[in-house]
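Novice: If it helps, the file is called coords_11.cif and holds mmCIF, N, CA and C atoms:
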data_entry
#
loop_
_atom_site.label_atom_id
_atom_site.label_comp_id
_atom_site.auth_asym_id
_atom_site.auth_seq_id
_atom_site.Cartn_x
_atom_site.Cartn_y
_atom_site.Cartn_z
N MET A 1 0.85 -1.18 0.00
CA MET A 1 0.00 0.00 0.00
C MET A 1 0.90 1.24 0.00
N THR A 2 0.57 2.19 -0.84
CA THR A 2 1.38 3.41 -0.92
C THR A 2 0.94 4.40 0.13
N ALA A 3 1.79 5.39 0.38
CA ALA A 3 1.46 6.44 1.35
C ALA A 3 0.22 7.20 0.91
N GLN A 4 0.07 7.37 -0.40
CA GLN A 4 -1.09 8.09 -0.92
C GLN A 4 -2.37 7.31 -0.63
N ALA A 5 -2.35 6.00 -0.79
CA ALA A 5 -3.53 5.18 -0.53
C ALA A 5 -3.90 5.18 0.95
N GLU A 6 -2.92 5.26 1.84
CA GLU A 6 -3.19 5.27 3.27
C GLU A 6 -3.90 6.55 3.70
N LYS A 7 -3.71 7.64 3.01
CA LYS A 7 -4.32 8.92 3.35
C LYS A 7 -5.69 9.10 2.73
N PHE A 8 -6.13 8.16 1.91
CA PHE A 8 -7.40 8.27 1.21
C PHE A 8 -8.56 8.32 2.19
N GLU A 9 -9.42 9.29 2.04
CA GLU A 9 -10.62 9.41 2.86
C GLU A 9 -11.82 9.13 1.97
N PRO A 10 -12.79 8.36 2.46
CA PRO A 10 -13.96 8.08 1.63
C PRO A 10 -14.69 9.36 1.26
N LEU A 11 -15.29 9.36 0.09
CA LEU A 11 -16.02 10.53 -0.39
C LEU A 11 -17.44 10.57 0.16
N LYS A 12 -17.94 9.42 0.60
CA LYS A 12 -19.29 9.36 1.17
C LYS A 12 -19.32 8.29 2.25
N LEU A 13 -20.19 8.50 3.22
CA LEU A 13 -20.35 7.56 4.33
C LEU A 13 -21.79 7.08 4.36
N GLY A 14 -21.99 5.77 4.49
CA GLY A 14 -23.32 5.22 4.68
C GLY A 14 -23.77 5.42 6.12
N LEU A 15 -25.04 5.18 6.38
CA LEU A 15 -25.57 5.41 7.73
C LEU A 15 -24.86 4.54 8.77
N LYS A 16 -24.55 3.30 8.42
CA LYS A 16 -23.83 2.43 9.37
C LYS A 16 -22.44 2.99 9.66
N GLN A 17 -21.79 3.53 8.65
CA GLN A 17 -20.47 4.14 8.86
C GLN A 17 -20.58 5.38 9.74
N ILE A 18 -21.64 6.16 9.54
CA ILE A 18 -21.86 7.36 10.36
C ILE A 18 -22.06 6.94 11.82
N GLU A 19 -22.83 5.88 12.04
CA GLU A 19 -23.02 5.35 13.39
C GLU A 19 -21.67 5.00 14.01
N LYS A 20 -20.85 4.31 13.23
CA LYS A 20 -19.56 3.84 13.73
C LYS A 20 -18.62 5.00 14.07
N VAL A 21 -18.51 5.99 13.19
CA VAL A 21 -17.54 7.07 13.42
C VAL A 21 -18.02 8.08 14.46
N THR A 22 -19.34 8.21 14.65
CA THR A 22 -19.84 9.19 15.62
C THR A 22 -20.22 8.55 16.96
N GLY A 23 -20.51 7.27 16.95
CA GLY A 23 -20.98 6.61 18.17
C GLY A 23 -22.43 6.89 18.48
N GLU A 24 -23.14 7.48 17.53
CA GLU A 24 -24.56 7.79 17.73
C GLU A 24 -25.43 6.65 17.25
N SER A 25 -26.63 6.55 17.81
CA SER A 25 -27.56 5.49 17.45
C SER A 25 -28.31 5.85 16.17
N PRO A 26 -28.87 4.83 15.49
CA PRO A 26 -29.64 5.12 14.27
C PRO A 26 -30.78 6.11 14.49
N PRO A 27 -31.56 6.02 15.59
CA PRO A 27 -32.63 7.01 15.76
C PRO A 27 -32.11 8.45 15.87
N VAL A 28 -30.98 8.64 16.52
CA VAL A 28 -30.41 9.98 16.64
C VAL A 28 -29.97 10.49 15.27
N ILE A 29 -29.34 9.63 14.49
CA ILE A 29 -28.89 10.03 13.16
C ILE A 29 -30.09 10.38 12.27
N HIS A 30 -31.13 9.55 12.31
CA HIS A 30 -32.31 9.83 11.51
C HIS A 30 -33.00 11.12 11.96
N ALA A 31 -33.03 11.36 13.26
CA ALA A 31 -33.63 12.60 13.76
C ALA A 31 -32.82 13.81 13.34
N ALA A 32 -31.50 13.69 13.33
CA ALA A 32 -30.65 14.80 12.89
C ALA A 32 -30.87 15.10 11.42
N ILE A 33 -31.06 14.05 10.62
CA ILE A 33 -31.34 14.23 9.19
C ILE A 33 -32.70 14.92 9.03
N ALA A 34 -33.70 14.43 9.76
CA ALA A 34 -35.05 15.01 9.67
C ALA A 34 -35.08 16.46 10.11
N ALA A 35 -34.24 16.80 11.10
CA ALA A 35 -34.18 18.18 11.60
C ALA A 35 -33.37 19.10 10.68
N GLY A 36 -32.70 18.51 9.69
CA GLY A 36 -31.88 19.31 8.79
C GLY A 36 -30.50 19.62 9.34
N HIS A 37 -30.11 18.91 10.40
CA HIS A 37 -28.80 19.16 11.01
C HIS A 37 -27.69 18.35 10.35
N LEU A 38 -28.05 17.25 9.71
CA LEU A 38 -27.07 16.40 9.02
C LEU A 38 -27.49 16.29 7.57
N LYS A 39 -26.70 16.88 6.69
CA LYS A 39 -27.02 16.88 5.26
C LYS A 39 -26.65 15.54 4.65
N THR A 40 -27.61 14.93 3.96
CA THR A 40 -27.39 13.64 3.33
C THR A 40 -27.93 13.67 1.90
N PHE A 41 -27.65 12.60 1.18
CA PHE A 41 -28.16 12.46 -0.19
C PHE A 41 -28.42 10.99 -0.47
N LEU A 42 -29.25 10.74 -1.46
CA LEU A 42 -29.61 9.38 -1.83
C LEU A 42 -28.87 8.94 -3.08
N VAL A 43 -28.47 7.67 -3.08
CA VAL A 43 -27.97 7.00 -4.27
C VAL A 43 -28.84 5.75 -4.37
N GLY A 44 -29.76 5.77 -5.30
CA GLY A 44 -30.76 4.70 -5.34
C GLY A 44 -31.61 4.80 -4.10
N ARG A 45 -31.63 3.73 -3.31
CA ARG A 45 -32.40 3.73 -2.06
C ARG A 45 -31.52 3.94 -0.84
N ARG A 46 -30.22 4.05 -1.04
CA ARG A 46 -29.30 4.19 0.09
C ARG A 46 -28.99 5.66 0.37
N ARG A 47 -28.89 5.99 1.65
CA ARG A 47 -28.61 7.35 2.09
C ARG A 47 -27.15 7.47 2.51
N PHE A 48 -26.53 8.57 2.08
CA PHE A 48 -25.13 8.83 2.37
C PHE A 48 -24.95 10.27 2.84
N ALA A 49 -23.82 10.52 3.48
CA ALA A 49 -23.40 11.87 3.83
C ALA A 49 -21.93 12.00 3.50
N ARG A 50 -21.53 13.18 3.12
CA ARG A 50 -20.11 13.45 2.91
C ARG A 50 -19.45 13.58 4.28
N PRO A 51 -18.19 13.18 4.39
CA PRO A 51 -17.50 13.32 5.68
C PRO A 51 -17.55 14.75 6.21
N GLU A 52 -17.49 15.74 5.31
CA GLU A 52 -17.56 17.14 5.75
C GLU A 52 -18.91 17.44 6.41
N ALA A 53 -19.99 16.82 5.91
CA ALA A 53 -21.32 17.03 6.49
C ALA A 53 -21.39 16.43 7.89
N VAL A 54 -20.76 15.26 8.08
CA VAL A 54 -20.75 14.64 9.40
C VAL A 54 -19.95 15.50 10.37
N ARG A 55 -18.80 16.00 9.92
CA ARG A 55 -18.00 16.89 10.77
C ARG A 55 -18.79 18.15 11.13
N ALA A 56 -19.48 18.72 10.15
CA ALA A 56 -20.27 19.94 10.40
C ALA A 56 -21.36 19.66 11.44
N TRP A 57 -21.98 18.50 11.37
CA TRP A 57 -23.02 18.13 12.33
C TRP A 57 -22.43 18.02 13.73
N ILE A 58 -21.30 17.34 13.86
CA ILE A 58 -20.66 17.19 15.16
C ILE A 58 -20.22 18.56 15.70
N GLU A 59 -19.71 19.41 14.84
CA GLU A 59 -19.33 20.77 15.26
C GLU A 59 -20.55 21.56 15.72
N TYR A 60 -21.68 21.37 15.03
CA TYR A 60 -22.93 22.02 15.44
C TYR A 60 -23.35 21.54 16.83
N LEU A 61 -23.29 20.23 17.05
CA LEU A 61 -23.65 19.69 18.36
C LEU A 61 -22.74 20.25 19.45
N GLU A 62 -21.46 20.33 19.16
CA GLU A 62 -20.51 20.87 20.13
C GLU A 62 -20.78 22.35 20.41
N ALA A 63 -21.05 23.12 19.36
CA ALA A 63 -21.32 24.55 19.54
C ALA A 63 -22.58 24.77 20.36
N GLN A 64 -23.61 23.97 20.10
CA GLN A 64 -24.85 24.11 20.86
C GLN A 64 -24.62 23.76 22.33
N SER A 65 -23.85 22.73 22.56
CA SER A 65 -23.53 22.32 23.93
C SER A 65 -22.73 23.41 24.64
N ASP A 66 -21.73 23.95 23.95
CA ASP A 66 -20.91 25.02 24.53
C ASP A 66 -21.73 26.26 24.85
N ALA A 67 -22.79 26.50 24.07
CA ALA A 67 -23.65 27.66 24.27
C ALA A 67 -24.70 27.41 25.37
N GLY A 68 -24.68 26.22 25.95
CA GLY A 68 -25.64 25.92 27.01
C GLY A 68 -26.98 25.44 26.52
N ALA A 69 -27.06 25.07 25.25
CA ALA A 69 -28.31 24.59 24.68
C ALA A 69 -28.08 23.28 23.93
N PRO A 70 -27.72 22.21 24.66
CA PRO A 70 -27.43 20.95 23.98
C PRO A 70 -28.63 20.45 23.18
N VAL A 71 -28.33 19.86 22.05
CA VAL A 71 -29.38 19.35 21.16
C VAL A 71 -29.88 18.02 21.70
N SER A 72 -31.19 17.87 21.71
CA SER A 72 -31.81 16.61 22.12
C SER A 72 -32.73 16.16 21.01
N TYR A 73 -32.47 15.00 20.47
CA TYR A 73 -33.31 14.47 19.39
C TYR A 73 -34.31 13.48 19.98
N ARG A 74 -35.41 14.02 20.46
CA ARG A 74 -36.49 13.19 20.99
C ARG A 74 -37.72 13.41 20.15
N SER A 75 -38.56 12.42 20.11
CA SER A 75 -39.80 12.58 19.36
C SER A 75 -40.67 13.62 20.05
N ARG A 76 -41.46 14.32 19.28
CA ARG A 76 -42.35 15.34 19.85
C ARG A 76 -43.34 14.72 20.82
N ALA A 77 -43.86 13.54 20.49
CA ALA A 77 -44.83 12.89 21.37
C ALA A 77 -44.20 12.58 22.72
N LEU A 78 -42.98 12.07 22.71
CA LEU A 78 -42.29 11.76 23.97
C LEU A 78 -42.03 13.04 24.76
N GLU A 79 -41.58 14.07 24.08
CA GLU A 79 -41.31 15.35 24.75
C GLU A 79 -42.59 15.94 25.35
N GLN A 80 -43.70 15.87 24.62
CA GLN A 80 -44.98 16.39 25.12
C GLN A 80 -45.44 15.58 26.33
N ALA A 81 -45.25 14.28 26.29
CA ALA A 81 -45.66 13.44 27.43
C ALA A 81 -44.83 13.78 28.67
N ARG A 82 -43.54 14.02 28.48
CA ARG A 82 -42.69 14.39 29.62
C ARG A 82 -43.09 15.74 30.19
N ARG A 83 -43.39 16.69 29.33
CA ARG A 83 -43.84 18.01 29.81
C ARG A 83 -45.14 17.90 30.57
N ALA A 84 -46.07 17.11 30.04
CA ALA A 84 -47.38 16.91 30.71
C ALA A 84 -47.18 16.28 32.07
N ALA A 85 -46.28 15.31 32.16
CA ALA A 85 -46.03 14.64 33.44
C ALA A 85 -45.43 15.61 34.45
N ARG A 86 -44.50 16.46 33.97
CA ARG A 86 -43.91 17.46 34.87
C ARG A 86 -44.95 18.47 35.33
N ALA A 87 -45.82 18.89 34.42
CA ALA A 87 -46.85 19.87 34.76
C ALA A 87 -47.86 19.28 35.75
N ALA A 88 -48.08 17.98 35.65
CA ALA A 88 -49.04 17.31 36.56
C ALA A 88 -48.39 16.98 37.90
N GLY A 89 -47.10 17.32 38.04
CA GLY A 89 -46.44 17.10 39.31
C GLY A 89 -45.76 15.73 39.42
N GLY A 90 -45.59 15.07 38.29
CA GLY A 90 -45.00 13.74 38.38
C GLY A 90 -43.77 13.64 37.66
#
For this file, write the structure as structure tokens.
Specialist:
Amino acid sequence: MTAQAEKFEPLKLGLKQIEKVTGESPPVIHAAIAAGHLKTFLVGRRRFARPEAVRAWIEYLEAQSDAGAPVSYRSRALEQARRAARAAGG
């Protein structure tokens, strides 16, 4: 293997690869995509992201956390149920 081949970075990452490199779960990744925080594209039926898009997403998460507003990817129904429980005193 040449030195040039060792430095090669993939041009696109599949969702399983994104899970592996970020340590995030599939639901979190899908929620980030749905929220527009992680830019992806389709090739046939498969979804991919460029490594730069994954880095940008992680930098966004870090910036939000540093600003005191960490991002939470929860379903609206779950969030509404938690708010209702808190309001009811439970």
Novice: Just how far from CA of Ala49 (chain A) is atom N of Glu19 (chain A), in Å to one decimal?
Specialist: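 Calculated distance between atom N of Glu19 (chain A) and CA of Ala49 (chain A) is 10.2 Å.
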Novice: Using only C-alpha atoms for the distances, tell me which of A:Ile58, A:Ala63, A:Val71, A:Leu42 is nearest to Val21 (chain A).
Specialist: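 Result for the nearest residue to Val21 (chain A): A:Ile58.
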Novice: Taking into account only C-alpha atoms, which residue in the set A:His37, A:Lys12, A:Arg47, A:Arg82 is nearest to Gln64 (chain A)?
Specialist: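 Once distances to Gln64 (chain A) are computed over only C-alpha atoms, the minimum belongs to A:His37.
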Novice: Among the residues of chain A, find those DSSP assigns to strand (DSSP E) from the backbone and print them as a PyMOL selection string.
Specialist: chain A and resi 13-14+41-43+46-49
Novice: At a cut-off of 12 Å, using only C-alpha atoms, what residues contact Arg55 (chain A)? Leave out same-chain residues fewer than 4 positions from it and give the result as a JSON list (two decimals) with N, CA and C atoms, in the coordinates of the input.
Specialist:
[["chain", "number", "residue", "atom", "x", "y", "z"],
["A", 13, "LEU", "N", -20.19, 8.50, 3.22],
["A", 13, "LEU", "CA", -20.35, 7.56, 4.33],
["A", 13, "LEU", "C", -21.79, 7.08, 4.36],
["A", 18, "ILE", "N", -21.64, 6.16, 9.54],
["A", 18, "ILE", "CA", -21.86, 7.36, 10.36],
["A", 18, "ILE", "C", -22.06, 6.94, 11.82],
["A", 21, "VAL", "N", -18.51, 5.99, 13.19],
["A", 21, "VAL", "CA", -17.54, 7.07, 13.42],
["A", 21, "VAL", "C", -18.02, 8.08, 14.46],
["A", 22, "THR", "N", -19.34, 8.21, 14.65],
["A", 22, "THR", "CA", -19.84, 9.19, 15.62],
["A", 22, "THR", "C", -20.22, 8.55, 16.96],
["A", 37, "HIS", "N", -30.11, 18.91, 10.40],
["A", 37, "HIS", "CA", -28.80, 19.16, 11.01],
["A", 37, "HIS", "C", -27.69, 18.35, 10.35],
["A", 38, "LEU", "N", -28.05, 17.25, 9.71],
["A", 38, "LEU", "CA", -27.07, 16.40, 9.02],
["A", 38, "LEU", "C", -27.49, 16.29, 7.57],
["A", 39, "LYS", "N", -26.70, 16.88, 6.69],
["A", 39, "LYS", "CA", -27.02, 16.88, 5.26],
["A", 39, "LYS", "C", -26.65, 15.54, 4.65],
["A", 49, "ALA", "N", -23.82, 10.52, 3.48],
["A", 49, "ALA", "CA", -23.40, 11.87, 3.83],
["A", 49, "ALA", "C", -21.93, 12.00, 3.50],
["A", 50, "ARG", "N", -21.53, 13.18, 3.12],
["A", 50, "ARG", "CA", -20.11, 13.45, 2.91],
["A", 50, "ARG", "C", -19.45, 13.58, 4.28],
["A", 51, "PRO", "N", -18.19, 13.18, 4.39],
["A", 51, "PRO", "CA", -17.50, 13.32, 5.68],
["A", 51, "PRO", "C", -17.55, 14.75, 6.21],
["A", 59, "GLU", "N", -19.71, 19.41, 14.84],
["A", 59, "GLU", "CA", -19.33, 20.77, 15.26],
["A", 59, "GLU", "C", -20.55, 21.56, 15.72],
["A", 60, "TYR", "N", -21.68, 21.37, 15.03],
["A", 60, "TYR", "CA", -22.93, 22.02, 15.44],
["A", 60, "TYR", "C", -23.35, 21.54, 16.83],
["A", 61, "LEU", "N", -23.29, 20.23, 17.05],
["A", 61, "LEU", "CA", -23.65, 19.69, 18.36],
["A", 61, "LEU", "C", -22.74, 20.25, 19.45],
["A", 62, "GLU", "N", -21.46, 20.33, 19.16],
["A", 62, "GLU", "CA", -20.51, 20.87, 20.13],
["A", 62, "GLU", "C", -20.78, 22.35, 20.41]]
Novice: Write out as a ChimeraX atom specification all residues of chain A that DSSP puts in alpha helix (DSSP H) for this structure's backbone.
Specialist: /A:3-6,15-22,26-34,51-66,76-87
Novice: For the selection just defined, write its residues with N, CA and C atoms to a file, as a CSV table (one decimal), in the coordinates of the input.
Specialist:
chain,number,residue,atom,x,y,z
A,3,ALA,N,1.8,5.4,0.4
A,3,ALA,CA,1.5,6.4,1.4
A,3,ALA,C,0.2,7.2,0.9
A,4,GLN,N,0.1,7.4,-0.4
A,4,GLN,CA,-1.1,8.1,-0.9
A,4,GLN,C,-2.4,7.3,-0.6
A,5,ALA,N,-2.4,6.0,-0.8
A,5,ALA,CA,-3.5,5.2,-0.5
A,5,ALA,C,-3.9,5.2,1.0
A,6,GLU,N,-2.9,5.3,1.8
A,6,GLU,CA,-3.2,5.3,3.3
A,6,GLU,C,-3.9,6.6,3.7
A,15,LEU,N,-25.0,5.2,6.4
A,15,LEU,CA,-25.6,5.4,7.7
A,15,LEU,C,-24.9,4.5,8.8
A,16,LYS,N,-24.6,3.3,8.4
A,16,LYS,CA,-23.8,2.4,9.4
A,16,LYS,C,-22.4,3.0,9.7
A,17,GLN,N,-21.8,3.5,8.6
A,17,GLN,CA,-20.5,4.1,8.9
A,17,GLN,C,-20.6,5.4,9.7
A,18,ILE,N,-21.6,6.2,9.5
A,18,ILE,CA,-21.9,7.4,10.4
A,18,ILE,C,-22.1,6.9,11.8
A,19,GLU,N,-22.8,5.9,12.0
A,19,GLU,CA,-23.0,5.4,13.4
A,19,GLU,C,-21.7,5.0,14.0
A,20,LYS,N,-20.8,4.3,13.2
A,20,LYS,CA,-19.6,3.8,13.7
A,20,LYS,C,-18.6,5.0,14.1
A,21,VAL,N,-18.5,6.0,13.2
A,21,VAL,CA,-17.5,7.1,13.4
A,21,VAL,C,-18.0,8.1,14.5
A,22,THR,N,-19.3,8.2,14.6
A,22,THR,CA,-19.8,9.2,15.6
A,22,THR,C,-20.2,8.6,17.0
A,26,PRO,N,-28.9,4.8,15.5
A,26,PRO,CA,-29.6,5.1,14.3
A,26,PRO,C,-30.8,6.1,14.5
A,27,PRO,N,-31.6,6.0,15.6
A,27,PRO,CA,-32.6,7.0,15.8
A,27,PRO,C,-32.1,8.4,15.9
A,28,VAL,N,-31.0,8.6,16.5
A,28,VAL,CA,-30.4,10.0,16.6
A,28,VAL,C,-30.0,10.5,15.3
A,29,ILE,N,-29.3,9.6,14.5
A,29,ILE,CA,-28.9,10.0,13.2
A,29,ILE,C,-30.1,10.4,12.3
A,30,HIS,N,-31.1,9.6,12.3
A,30,HIS,CA,-32.3,9.8,11.5
A,30,HIS,C,-33.0,11.1,12.0
A,31,ALA,N,-33.0,11.4,13.3
A,31,ALA,CA,-33.6,12.6,13.8
A,31,ALA,C,-32.8,13.8,13.3
A,32,ALA,N,-31.5,13.7,13.3
A,32,ALA,CA,-30.6,14.8,12.9
A,32,ALA,C,-30.9,15.1,11.4
A,33,ILE,N,-31.1,14.0,10.6
A,33,ILE,CA,-31.3,14.2,9.2
A,33,ILE,C,-32.7,14.9,9.0
A,34,ALA,N,-33.7,14.4,9.8
A,34,ALA,CA,-35.0,15.0,9.7
A,34,ALA,C,-35.1,16.5,10.1
A,51,PRO,N,-18.2,13.2,4.4
A,51,PRO,CA,-17.5,13.3,5.7
A,51,PRO,C,-17.6,14.8,6.2
A,52,GLU,N,-17.5,15.7,5.3
A,52,GLU,CA,-17.6,17.1,5.8
A,52,GLU,C,-18.9,17.4,6.4
A,53,ALA,N,-20.0,16.8,5.9
A,53,ALA,CA,-21.3,17.0,6.5
A,53,ALA,C,-21.4,16.4,7.9
A,54,VAL,N,-20.8,15.3,8.1
A,54,VAL,CA,-20.8,14.6,9.4
A,54,VAL,C,-20.0,15.5,10.4
A,55,ARG,N,-18.8,16.0,9.9
A,55,ARG,CA,-18.0,16.9,10.8
A,55,ARG,C,-18.8,18.2,11.1
A,56,ALA,N,-19.5,18.7,10.2
A,56,ALA,CA,-20.3,19.9,10.4
A,56,ALA,C,-21.4,19.7,11.4
A,57,TRP,N,-22.0,18.5,11.4
A,57,TRP,CA,-23.0,18.1,12.3
A,57,TRP,C,-22.4,18.0,13.7
A,58,ILE,N,-21.3,17.3,13.9
A,58,ILE,CA,-20.7,17.2,15.2
A,58,ILE,C,-20.2,18.6,15.7
A,59,GLU,N,-19.7,19.4,14.8
A,59,GLU,CA,-19.3,20.8,15.3
A,59,GLU,C,-20.6,21.6,15.7
A,60,TYR,N,-21.7,21.4,15.0
A,60,TYR,CA,-22.9,22.0,15.4
A,60,TYR,C,-23.4,21.5,16.8
A,61,LEU,N,-23.3,20.2,17.0
A,61,LEU,CA,-23.6,19.7,18.4
A,61,LEU,C,-22.7,20.2,19.4
A,62,GLU,N,-21.5,20.3,19.2
A,62,GLU,CA,-20.5,20.9,20.1
A,62,GLU,C,-20.8,22.4,20.4
A,63,ALA,N,-21.0,23.1,19.4
A,63,ALA,CA,-21.3,24.6,19.5
A,63,ALA,C,-22.6,24.8,20.4
A,64,GLN,N,-23.6,24.0,20.1
A,64,GLN,CA,-24.8,24.1,20.9
A,64,GLN,C,-24.6,23.8,22.3
A,65,SER,N,-23.8,22.7,22.6
A,65,SER,CA,-23.5,22.3,23.9
A,65,SER,C,-22.7,23.4,24.6
A,66,ASP,N,-21.7,24.0,24.0
A,66,ASP,CA,-20.9,25.0,24.5
A,66,ASP,C,-21.7,26.3,24.8
A,76,ARG,N,-41.5,14.3,19.3
A,76,ARG,CA,-42.4,15.3,19.8
A,76,ARG,C,-43.3,14.7,20.8
A,77,ALA,N,-43.9,13.5,20.5
A,77,ALA,CA,-44.8,12.9,21.4
A,77,ALA,C,-44.2,12.6,22.7
A,78,LEU,N,-43.0,12.1,22.7
A,78,LEU,CA,-42.3,11.8,24.0
A,78,LEU,C,-42.0,13.0,24.8
A,79,GLU,N,-41.6,14.1,24.1
A,79,GLU,CA,-41.3,15.4,24.8
A,79,GLU,C,-42.6,15.9,25.4
A,80,GLN,N,-43.7,15.9,24.6
A,80,GLN,CA,-45.0,16.4,25.1
A,80,GLN,C,-45.4,15.6,26.3
A,81,ALA,N,-45.2,14.3,26.3
A,81,ALA,CA,-45.7,13.4,27.4
A,81,ALA,C,-44.8,13.8,28.7
A,82,ARG,N,-43.5,14.0,28.5
A,82,ARG,CA,-42.7,14.4,29.6
A,82,ARG,C,-43.1,15.7,30.2
A,83,ARG,N,-43.4,16.7,29.3
A,83,ARG,CA,-43.8,18.0,29.8
A,83,ARG,C,-45.1,17.9,30.6
A,84,ALA,N,-46.1,17.1,30.0
A,84,ALA,CA,-47.4,16.9,30.7
A,84,ALA,C,-47.2,16.3,32.1
A,85,ALA,N,-46.3,15.3,32.2
A,85,ALA,CA,-46.0,14.6,33.4
A,85,ALA,C,-45.4,15.6,34.4
A,86,ARG,N,-44.5,16.5,34.0
A,86,ARG,CA,-43.9,17.5,34.9
A,86,ARG,C,-45.0,18.5,35.3
A,87,ALA,N,-45.8,18.9,34.4
A,87,ALA,CA,-46.8,19.9,34.8
A,87,ALA,C,-47.9,19.3,35.8
